[in-house]
Every structure is written in structure tokens, then in C-alpha cells.
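Dumped data.cif below, it's mmCIF, C-alpha atoms:
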data_coords
loop_
_atom_site.label_atom_id
_atom_site.label_comp_id
_atom_site.auth_asym_id
_atom_site.auth_seq_id
_atom_site.Cartn_x
_atom_site.Cartn_y
_atom_site.Cartn_z
CA ASP V 1016 77.10 88.27 95.63
CA GLN V 1017 78.95 90.20 98.32
CA GLN V 1018 82.67 89.71 97.76
CA VAL V 1019 83.68 91.74 100.81
CA LYS V 1020 81.80 91.20 104.06
CA GLN V 1021 81.74 92.90 107.42
CA ASN V 1022 79.64 90.70 109.65
CA SER V 1023 79.49 93.03 112.66
CA PRO V 1024 77.22 96.01 112.01
CA SER V 1025 78.27 97.70 115.24
CA LEU V 1026 80.95 97.67 117.93
CA SER V 1027 81.24 99.52 121.25
CA VAL V 1028 84.56 99.97 123.02
CA GLN V 1029 85.71 101.88 126.10
CA GLU V 1030 88.06 104.79 125.53
CA GLY V 1031 91.70 103.68 125.81
CA ARG V 1032 90.96 100.07 124.91
CA ILE V 1033 91.62 98.29 121.65
CA SER V 1034 89.04 98.31 118.83
CA ILE V 1035 89.17 95.38 116.43
CA LEU V 1036 87.15 95.57 113.25
CA ASN V 1037 86.93 92.52 111.00
CA CYS V 1038 86.40 91.93 107.32
CA ASP V 1039 86.23 88.79 105.18
CA TYR V 1040 86.56 88.46 101.43
CA THR V 1041 85.90 85.72 98.93
CA ASN V 1042 87.93 86.60 95.83
CA SER V 1043 91.53 85.38 96.05
CA MET V 1044 92.46 87.70 93.15
CA PHE V 1045 92.21 90.78 95.38
CA ASP V 1046 95.68 92.25 95.84
CA TYR V 1047 95.04 95.51 97.67
CA PHE V 1048 92.98 96.09 100.78
CA LEU V 1049 91.88 99.32 102.41
CA TRP V 1050 90.03 100.73 105.39
CA TYR V 1051 87.95 103.88 105.22
CA LYS V 1052 86.35 105.93 107.98
CA LYS V 1053 83.03 107.65 107.35
CA TYR V 1054 81.01 110.22 109.26
CA PRO V 1055 77.28 110.76 108.48
CA ALA V 1056 76.57 112.86 105.38
CA GLU V 1057 80.26 112.91 104.42
CA GLY V 1058 82.36 110.91 102.00
CA PRO V 1059 84.61 108.11 103.26
CA THR V 1060 88.13 109.11 104.26
CA PHE V 1061 91.02 106.79 103.49
CA LEU V 1062 92.60 105.43 106.67
CA ILE V 1063 95.13 102.70 105.92
CA SER V 1064 95.85 100.08 103.30
CA ILE V 1065 97.83 96.90 102.78
CA SER V 1066 99.15 95.09 99.75
CA SER V 1067 98.64 91.34 99.45
CA ILE V 1068 102.40 90.79 99.66
CA LYS V 1069 102.36 91.98 103.28
CA ASP V 1070 100.58 90.70 106.37
CA LYS V 1071 100.75 93.82 108.52
CA ASN V 1072 100.85 97.56 108.07
CA GLU V 1073 100.98 100.17 110.83
CA ASP V 1074 100.24 103.87 110.86
CA GLY V 1075 100.24 105.43 114.31
CA ARG V 1076 97.33 104.02 116.31
CA PHE V 1077 96.04 102.04 113.34
CA THR V 1078 97.27 98.60 112.27
CA VAL V 1079 95.84 96.46 109.51
CA PHE V 1080 96.42 92.71 109.49
CA LEU V 1081 95.94 90.49 106.44
CA ASN V 1082 95.51 86.71 106.64
CA LYS V 1083 95.43 85.55 103.04
CA SER V 1084 94.87 81.88 103.82
CA ALA V 1085 91.75 82.76 105.81
CA LYS V 1086 90.78 85.59 103.44
CA HIS V 1087 90.47 87.82 106.47
CA LEU V 1088 91.38 91.42 107.15
CA SER V 1089 91.28 93.27 110.45
CA LEU V 1090 91.84 96.81 111.67
CA HIS V 1091 93.19 97.43 115.16
CA ILE V 1092 92.87 100.84 116.78
CA VAL V 1093 94.95 101.32 119.92
CA PRO V 1094 94.19 103.23 122.06
CA SER V 1095 90.63 103.98 120.97
CA GLN V 1096 89.50 107.59 121.28
CA PRO V 1097 85.99 109.13 121.20
CA GLY V 1098 86.89 110.83 117.91
CA ASP V 1099 87.27 107.39 116.36
CA SER V 1100 83.50 106.90 116.58
CA ALA V 1101 82.38 106.51 112.96
CA VAL V 1102 81.44 103.89 110.40
CA TYR V 1103 84.40 101.90 109.08
CA PHE V 1104 84.35 100.30 105.66
CA CYS V 1105 86.81 97.75 104.40
CA ALA V 1106 87.46 97.54 100.68
CA ALA V 1107 89.40 95.35 98.29
CA SER V 1108 90.59 95.72 94.73
CA PHE V 1109 92.52 93.88 92.05
CA PRO V 1110 94.42 95.18 89.02
CA GLY V 1111 92.10 97.34 86.94
CA ASN V 1112 91.21 99.51 89.91
CA GLN V 1113 87.69 98.27 90.57
CA PHE V 1114 86.96 98.43 94.27
CA TYR V 1115 84.57 96.32 96.34
CA PHE V 1116 83.27 97.54 99.69
CA GLY V 1117 81.89 95.86 102.78
CA THR V 1118 78.66 97.01 104.43
CA GLY V 1119 80.43 98.87 107.22
CA THR V 1120 80.84 98.58 110.99
CA SER V 1121 79.67 101.41 113.22
CA LEU V 1122 82.23 101.96 115.98
CA THR V 1123 81.27 103.78 119.17
CA VAL V 1124 84.04 104.68 121.58
CA ILE V 1125 82.62 105.33 125.02
CA PRO V 1126 84.39 108.02 127.08
CA ASP P 43 93.94 122.23 97.80
CA GLY P 44 93.30 119.13 95.71
CA GLY P 45 90.11 117.19 96.08
CA ILE P 46 86.77 116.06 94.75
CA THR P 47 83.77 118.38 94.71
CA GLN P 48 80.25 117.04 94.48
CA SER P 49 77.26 119.30 93.97
CA PRO P 50 74.64 119.88 95.05
CA LYS P 51 74.79 118.47 98.57
CA TYR P 52 71.00 117.91 98.58
CA LEU P 53 68.81 117.34 95.56
CA PHE P 54 65.11 116.67 95.13
CA ARG P 55 63.58 114.93 92.16
CA LYS P 56 60.01 114.99 90.98
CA GLU P 57 58.39 111.93 89.44
CA GLY P 58 59.37 111.47 85.80
CA GLN P 59 62.25 113.93 86.03
CA ASN P 60 65.91 113.40 85.16
CA VAL P 61 68.45 114.98 87.49
CA THR P 62 72.21 115.35 87.11
CA LEU P 63 74.74 115.12 89.92
CA SER P 64 78.03 116.91 89.43
CA CYS P 65 81.48 115.53 90.28
CA GLU P 66 84.68 117.49 89.65
CA GLN P 67 88.22 116.56 90.69
CA ASN P 68 91.49 118.49 90.53
CA LEU P 69 93.70 115.58 91.56
CA ASN P 70 94.69 114.79 87.97
CA HIS P 71 93.26 111.31 88.47
CA ASP P 72 92.46 109.16 85.47
CA ALA P 73 89.81 106.92 87.01
CA MET P 74 86.50 108.14 88.39
CA TYR P 75 83.62 106.25 89.99
CA TRP P 76 80.02 106.67 91.10
CA TYR P 77 78.64 104.73 94.07
CA ARG P 78 75.28 104.57 95.72
CA GLN P 79 74.88 104.05 99.47
CA ASP P 80 71.60 102.95 101.05
CA PRO P 81 71.02 102.62 104.80
CA GLY P 82 72.69 99.52 106.23
CA GLN P 83 74.38 98.73 102.94
CA GLY P 84 77.84 99.18 101.59
CA LEU P 85 78.84 101.22 98.60
CA ARG P 86 77.50 99.79 95.36
CA LEU P 87 79.18 100.70 92.08
CA ILE P 88 76.99 102.42 89.49
CA TYR P 89 79.49 103.40 86.76
CA TYR P 90 83.22 103.91 86.46
CA SER P 91 85.55 105.47 83.94
CA GLN P 92 89.24 104.71 83.54
CA ILE P 93 89.86 107.31 80.85
CA VAL P 94 88.22 110.21 79.06
CA ASN P 95 85.42 109.24 76.64
CA ASP P 96 85.20 105.73 78.05
CA PHE P 97 83.13 104.29 80.89
CA GLN P 98 81.79 100.94 82.08
CA LYS P 99 78.68 99.82 83.91
CA GLY P 100 78.98 98.76 87.50
CA ASP P 101 76.69 96.45 89.44
CA ILE P 102 73.62 98.72 89.49
CA ALA P 103 73.80 100.83 86.31
CA GLU P 104 70.13 100.48 85.31
CA GLY P 105 68.34 103.84 85.39
CA TYR P 106 71.58 105.83 85.41
CA SER P 107 73.77 107.40 82.74
CA VAL P 108 77.19 109.10 82.76
CA SER P 109 79.56 110.97 80.49
CA ARG P 110 83.30 111.59 80.65
CA GLU P 111 84.11 114.40 78.24
CA LYS P 112 86.83 115.88 80.43
CA LYS P 113 89.36 114.24 82.71
CA GLU P 114 88.26 116.27 85.71
CA SER P 115 84.50 115.82 85.34
CA PHE P 116 82.22 112.77 85.63
CA PRO P 117 78.54 113.78 85.92
CA LEU P 118 75.87 111.22 86.80
CA THR P 119 72.30 111.49 85.51
CA VAL P 120 69.57 109.74 87.46
CA THR P 121 66.87 109.09 84.90
CA SER P 122 63.15 108.60 85.37
CA ALA P 123 63.78 104.89 84.71
CA GLN P 124 65.42 104.62 88.14
CA LYS P 125 62.40 103.75 90.26
CA ASN P 126 64.07 103.97 93.65
CA PRO P 127 66.54 106.86 93.39
CA THR P 128 66.45 108.00 97.02
CA ALA P 129 69.99 107.40 98.30
CA PHE P 130 73.33 108.97 99.13
CA TYR P 131 75.53 109.22 96.03
CA LEU P 132 79.31 109.26 96.27
CA CYS P 133 81.86 110.10 93.61
CA ALA P 134 85.44 108.88 93.85
CA SER P 135 88.66 109.03 91.88
CA THR P 136 92.01 107.31 91.82
CA GLY P 137 95.23 107.42 89.85
CA GLN P 138 95.98 105.01 87.03
CA ILE P 139 98.67 103.17 88.95
CA SER P 140 97.39 100.13 90.82
CA ASN P 141 97.31 99.97 94.62
CA GLN P 142 96.28 103.54 95.23
CA PRO P 143 93.34 104.46 97.45
CA GLN P 144 90.23 106.07 96.11
CA HIS P 145 89.49 109.61 97.18
CA PHE P 146 85.86 110.51 97.78
CA GLY P 147 83.73 113.61 97.55
CA ASP P 148 81.30 114.53 100.33
CA GLY P 149 78.31 113.07 98.54
CA THR P 150 74.91 114.17 97.28
CA ARG P 151 71.71 113.20 99.05
CA LEU P 152 68.93 112.64 96.51
CA SER P 153 65.31 112.50 97.62
CA ILE P 154 61.97 112.15 95.84
CA LEU P 155 59.38 114.89 96.15
#
How does the structure come out when it is put into C-alpha cells?
Amino acid sequence: DQQVKQNSPSLSVQEGRISILNCDYTNSMFDYFLWYKKYPAEGPTFLISISSIKDKNEDGRFTVFLNKSAKHLSLHIVPSQPGDSAVYFCAASFPGNQFYFGTGTSLTVIP
Amino acid sequence: DGGITQSPKYLFRKEGQNVTLSCEQNLNHDAMYWYRQDPGQGLRLIYYSQIVNDFQKGDIAEGYSVSREKKESFPLTVTSAQKNPTAFYLCASTGQISNQPQHFGDGTRLSIL
């Protein structure tokens, strides 16, 4: 059973606009959430994370929002750049350091 | 420069053959993980190890084996019992403290000859 879900396999956005990637989870015991960026034939690169005690975390152009009541996580990229084109995975973990990953969303930023 | 090194980048397996994928880290991380990625799917956990000489099965451990004799090394063997081994394999590590991200290697692409 998929505990972390990304329901949009792909997303296209114009350069300069906002990209919003969404993620839903089912296990209320998750206490740490992450976003990774992945290029083909490479390993995922950590992007940004958020603890369950927060509802927002910002790092430059990237902001992660956590809505615990809805069990929903989102990543906002503003402004989007062509170099942001990649597959984005959300992940969640609970104490014990076992991580669960979504199926990924392929983002294309159109110049 | 600290990181995770996976080798080889590409690997081919013949029918009935066991192959071993290497994963080495110099991040001084305690926990190490092996994932499998198939097209259109997320990362599925094969095995993980929180400490030397100890490891646990993940969701898809059948047909795979691991060892953890040294902190920095966590090799994965794909045995002949794994009937569909063609995939992209990723190794990751993280520190013992909770709420730290995993760091990943660049992966090994395994194909069947």
C-alpha cells in the first residue's frame, strides 16, 4: 500500500511562473517530510525538508508547506527556471529513519 | 569531498548469475539503504541497515541479499532468485539522528543479457 502518493505524474510551467508540486500521505505517524530532485541516470538530490511541528519552510526559491490535518505536502518553486526541469520526489519518515517515497512528478519548465 | 559512491554505473547479468552492486560512503553515516526504481514508480526499499552487522528487509527483499561488515560499505547481491532484476538501483545513507535527509549515490543500472 502506497503510504506517500504523488497523483500528478507530470507538470508543465512557463519560465518565471510558480510551480506547485503536491504530495499526499496516509500515515499520521510521519514526522519528517522531504523533497528530492532527480535527473535521469542520477541519484536524487535533497532539496528541502520540513518537520511535522512546522507548517512552512523556505529556502530561496523553494518553499514547502505541510497541512497535517489534510495529510498534504506541497512544494512551491518561484520563479521557475528551465534548470528546475527534473523529476521531483516527496518522501516521509518517522523515528527509526525508514523513508517512504512517492512515485515522482516530472516538472518541465518551458523557456 | 564526502559522498556515496556506487559502482559499477552499468551492469549486465546473465541468466542464473548472481551479481553484486557496490556502495561505499565516507559520510560517517550509521544507516544505509538500498532502493530499486522502475519506470513510472517510486523508490522501493530492498534492505536497510542501521548499524554494522545488522540489517532488515524492506518491502521487496526477495531475491536480494546484503551484508554490513563495515560502517562505510553496504553491498547488495542480486541473486538468480530475483526473476525481474532489470532496474535502477540506488544506495543511500543517513546519520543516526532523526530528521536528517538521506544522501544518495548516482545509482547502478542493471540489465539482463
Requested in this report: Give as JSON, numbers by chain the residues that the PyMOL selection byres ((chain V) within 9 of (chain P)) matches when applied to the coordinates above.
Outcome: {"V": [1024, 1046, 1047, 1048, 1049, 1056, 1057, 1058, 1059, 1060, 1061, 1063, 1064, 1065, 1066, 1104, 1108, 1109, 1110, 1111, 1112, 1113, 1114, 1115, 1116, 1117, 1118, 1119]}
Could you write out as a CSV table (one decimal) with C-alpha atoms, keeping the file's coordinate frame the residues that the PyMOL selection byres ((chain V and resi 1123) around 6) matches in the shown file?
chain,number,residue,atom,x,y,z
V,1027,SER,CA,81.2,99.5,121.2
V,1100,SER,CA,83.5,106.9,116.6
V,1122,LEU,CA,82.2,102.0,116.0
V,1124,VAL,CA,84.0,104.7,121.6
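When only C-alpha atoms are used to measure the gap to Ser91 (chain P), the shortest distance among P:Arg78, P:Ser107, P:Glu57, P:Phe116 belongs to P:Phe116.
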**Report entry** Atomic separation - CA of Ile93 (chain P) relative to CA of Ser1043 (chain V), Å
**Finding:**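 Interatomic distance here is 26.7 Å.
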Requested in this report: Please evaluate the PyMOL selection byres ((chain V and resi 1021) around 12) against the displayed coordinates and give the resulting residues as a VMD selection string.
Outcome: (chain V and resid 1017 to 1020 1022 to 1026 1035 to 1041 1050 1087 to 1090 1102 to 1106 1115 to 1121) or (chain P and resid 82 to 84)
Write region 109-132 of chain P as a PDB file, keeping the file's coordinate frame, completed to N, CA, C and O atoms.
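As written to disk, part.pdb reads:
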ATOM      1  N   SER P 109      78.715 110.538  81.601  1.00  0.00           N
ATOM      2  CA  SER P 109      79.560 110.970  80.490  1.00  0.00           C
ATOM      3  C   SER P 109      80.925 111.298  81.058  1.00  0.00           C
ATOM      4  O   SER P 109      81.072 111.592  82.244  1.00  0.00           O
ATOM      5  N   ARG P 110      81.938 111.249  80.217  1.00  0.00           N
ATOM      6  CA  ARG P 110      83.300 111.590  80.650  1.00  0.00           C
ATOM      7  C   ARG P 110      83.968 112.335  79.491  1.00  0.00           C
ATOM      8  O   ARG P 110      84.835 111.821  78.799  1.00  0.00           O
ATOM      9  N   GLU P 111      83.573 113.577  79.319  1.00  0.00           N
ATOM     10  CA  GLU P 111      84.110 114.400  78.240  1.00  0.00           C
ATOM     11  C   GLU P 111      85.409 115.091  78.629  1.00  0.00           C
ATOM     12  O   GLU P 111      86.197 115.485  77.771  1.00  0.00           O
ATOM     13  N   LYS P 112      85.606 115.267  79.922  1.00  0.00           N
ATOM     14  CA  LYS P 112      86.830 115.880  80.430  1.00  0.00           C
ATOM     15  C   LYS P 112      87.399 115.022  81.542  1.00  0.00           C
ATOM     16  O   LYS P 112      86.646 114.378  82.277  1.00  0.00           O
ATOM     17  N   LYS P 113      88.702 115.062  81.698  1.00  0.00           N
ATOM     18  CA  LYS P 113      89.360 114.240  82.710  1.00  0.00           C
ATOM     19  C   LYS P 113      88.854 114.572  84.104  1.00  0.00           C
ATOM     20  O   LYS P 113      88.711 113.693  84.959  1.00  0.00           O
ATOM     21  N   GLU P 114      88.586 115.846  84.365  1.00  0.00           N
ATOM     22  CA  GLU P 114      88.260 116.270  85.710  1.00  0.00           C
ATOM     23  C   GLU P 114      86.774 116.164  86.056  1.00  0.00           C
ATOM     24  O   GLU P 114      86.389 116.423  87.176  1.00  0.00           O
ATOM     25  N   SER P 115      85.932 115.773  85.108  1.00  0.00           N
ATOM     26  CA  SER P 115      84.500 115.820  85.340  1.00  0.00           C
ATOM     27  C   SER P 115      83.826 114.493  84.986  1.00  0.00           C
ATOM     28  O   SER P 115      84.106 113.913  83.925  1.00  0.00           O
ATOM     29  N   PHE P 116      82.906 114.044  85.854  1.00  0.00           N
ATOM     30  CA  PHE P 116      82.220 112.770  85.630  1.00  0.00           C
ATOM     31  C   PHE P 116      80.789 112.893  86.159  1.00  0.00           C
ATOM     32  O   PHE P 116      80.443 112.357  87.209  1.00  0.00           O
ATOM     33  N   PRO P 117      79.909 113.591  85.436  1.00  0.00           N
ATOM     34  CA  PRO P 117      78.540 113.780  85.920  1.00  0.00           C
ATOM     35  C   PRO P 117      77.689 112.516  85.811  1.00  0.00           C
ATOM     36  O   PRO P 117      77.852 111.732  84.873  1.00  0.00           O
ATOM     37  N   LEU P 118      76.787 112.360  86.762  1.00  0.00           N
ATOM     38  CA  LEU P 118      75.870 111.220  86.800  1.00  0.00           C
ATOM     39  C   LEU P 118      74.446 111.719  86.635  1.00  0.00           C
ATOM     40  O   LEU P 118      74.018 112.621  87.362  1.00  0.00           O
ATOM     41  N   THR P 119      73.708 111.161  85.681  1.00  0.00           N
ATOM     42  CA  THR P 119      72.300 111.490  85.510  1.00  0.00           C
ATOM     43  C   THR P 119      71.447 110.350  86.041  1.00  0.00           C
ATOM     44  O   THR P 119      71.636 109.190  85.652  1.00  0.00           O
ATOM     45  N   VAL P 120      70.550 110.701  86.938  1.00  0.00           N
ATOM     46  CA  VAL P 120      69.570 109.740  87.460  1.00  0.00           C
ATOM     47  C   VAL P 120      68.317 109.924  86.623  1.00  0.00           C
ATOM     48  O   VAL P 120      67.672 110.977  86.682  1.00  0.00           O
ATOM     49  N   THR P 121      67.993 108.942  85.821  1.00  0.00           N
ATOM     50  CA  THR P 121      66.870 109.090  84.900  1.00  0.00           C
ATOM     51  C   THR P 121      65.561 108.669  85.552  1.00  0.00           C
ATOM     52  O   THR P 121      65.546 108.056  86.631  1.00  0.00           O
ATOM     53  N   SER P 122      64.467 108.963  84.868  1.00  0.00           N
ATOM     54  CA  SER P 122      63.150 108.600  85.370  1.00  0.00           C
ATOM     55  C   SER P 122      62.966 107.076  85.403  1.00  0.00           C
ATOM     56  O   SER P 122      62.063 106.569  86.067  1.00  0.00           O
ATOM     57  N   ALA P 123      63.847 106.355  84.709  1.00  0.00           N
ATOM     58  CA  ALA P 123      63.780 104.890  84.710  1.00  0.00           C
ATOM     59  C   ALA P 123      64.257 104.291  86.034  1.00  0.00           C
ATOM     60  O   ALA P 123      63.980 103.126  86.330  1.00  0.00           O
ATOM     61  N   GLN P 124      64.963 105.097  86.830  1.00  0.00           N
ATOM     62  CA  GLN P 124      65.420 104.620  88.140  1.00  0.00           C
ATOM     63  C   GLN P 124      64.269 104.795  89.117  1.00  0.00           C
ATOM     64  O   GLN P 124      63.954 105.907  89.533  1.00  0.00           O
ATOM     65  N   LYS P 125      63.638 103.683  89.490  1.00  0.00           N
ATOM     66  CA  LYS P 125      62.400 103.750  90.260  1.00  0.00           C
ATOM     67  C   LYS P 125      62.615 103.992  91.742  1.00  0.00           C
ATOM     68  O   LYS P 125      61.675 104.365  92.453  1.00  0.00           O
ATOM     69  N   ASN P 126      63.793 103.771  92.228  1.00  0.00           N
ATOM     70  CA  ASN P 126      64.070 103.970  93.650  1.00  0.00           C
ATOM     71  C   ASN P 126      65.347 104.797  93.801  1.00  0.00           C
ATOM     72  O   ASN P 126      66.368 104.296  94.267  1.00  0.00           O
ATOM     73  N   PRO P 127      65.307 106.076  93.434  1.00  0.00           N
ATOM     74  CA  PRO P 127      66.540 106.860  93.390  1.00  0.00           C
ATOM     75  C   PRO P 127      66.965 107.447  94.732  1.00  0.00           C
ATOM     76  O   PRO P 127      68.075 107.965  94.836  1.00  0.00           O
ATOM     77  N   THR P 128      66.119 107.379  95.743  1.00  0.00           N
ATOM     78  CA  THR P 128      66.450 108.000  97.020  1.00  0.00           C
ATOM     79  C   THR P 128      67.640 107.273  97.639  1.00  0.00           C
ATOM     80  O   THR P 128      67.563 106.090  97.977  1.00  0.00           O
ATOM     81  N   ALA P 129      68.753 107.990  97.786  1.00  0.00           N
ATOM     82  CA  ALA P 129      69.990 107.400  98.300  1.00  0.00           C
ATOM     83  C   ALA P 129      71.022 108.501  98.459  1.00  0.00           C
ATOM     84  O   ALA P 129      70.803 109.656  98.098  1.00  0.00           O
ATOM     85  N   PHE P 130      72.157 108.097  98.990  1.00  0.00           N
ATOM     86  CA  PHE P 130      73.330 108.970  99.130  1.00  0.00           C
ATOM     87  C   PHE P 130      74.298 108.556  98.025  1.00  0.00           C
ATOM     88  O   PHE P 130      74.672 107.388  97.924  1.00  0.00           O
ATOM     89  N   TYR P 131      74.685 109.516  97.176  1.00  0.00           N
ATOM     90  CA  TYR P 131      75.530 109.220  96.030  1.00  0.00           C
ATOM     91  C   TYR P 131      76.937 109.753  96.264  1.00  0.00           C
ATOM     92  O   TYR P 131      77.122 110.921  96.617  1.00  0.00           O
ATOM     93  N   LEU P 132      77.907 108.904  96.039  1.00  0.00           N
ATOM     94  CA  LEU P 132      79.310 109.260  96.270  1.00  0.00           C
ATOM     95  C   LEU P 132      80.110 109.121  94.987  1.00  0.00           C
ATOM     96  O   LEU P 132      79.994 108.134  94.265  1.00  0.00           O
TER      97      LEU P 132
END
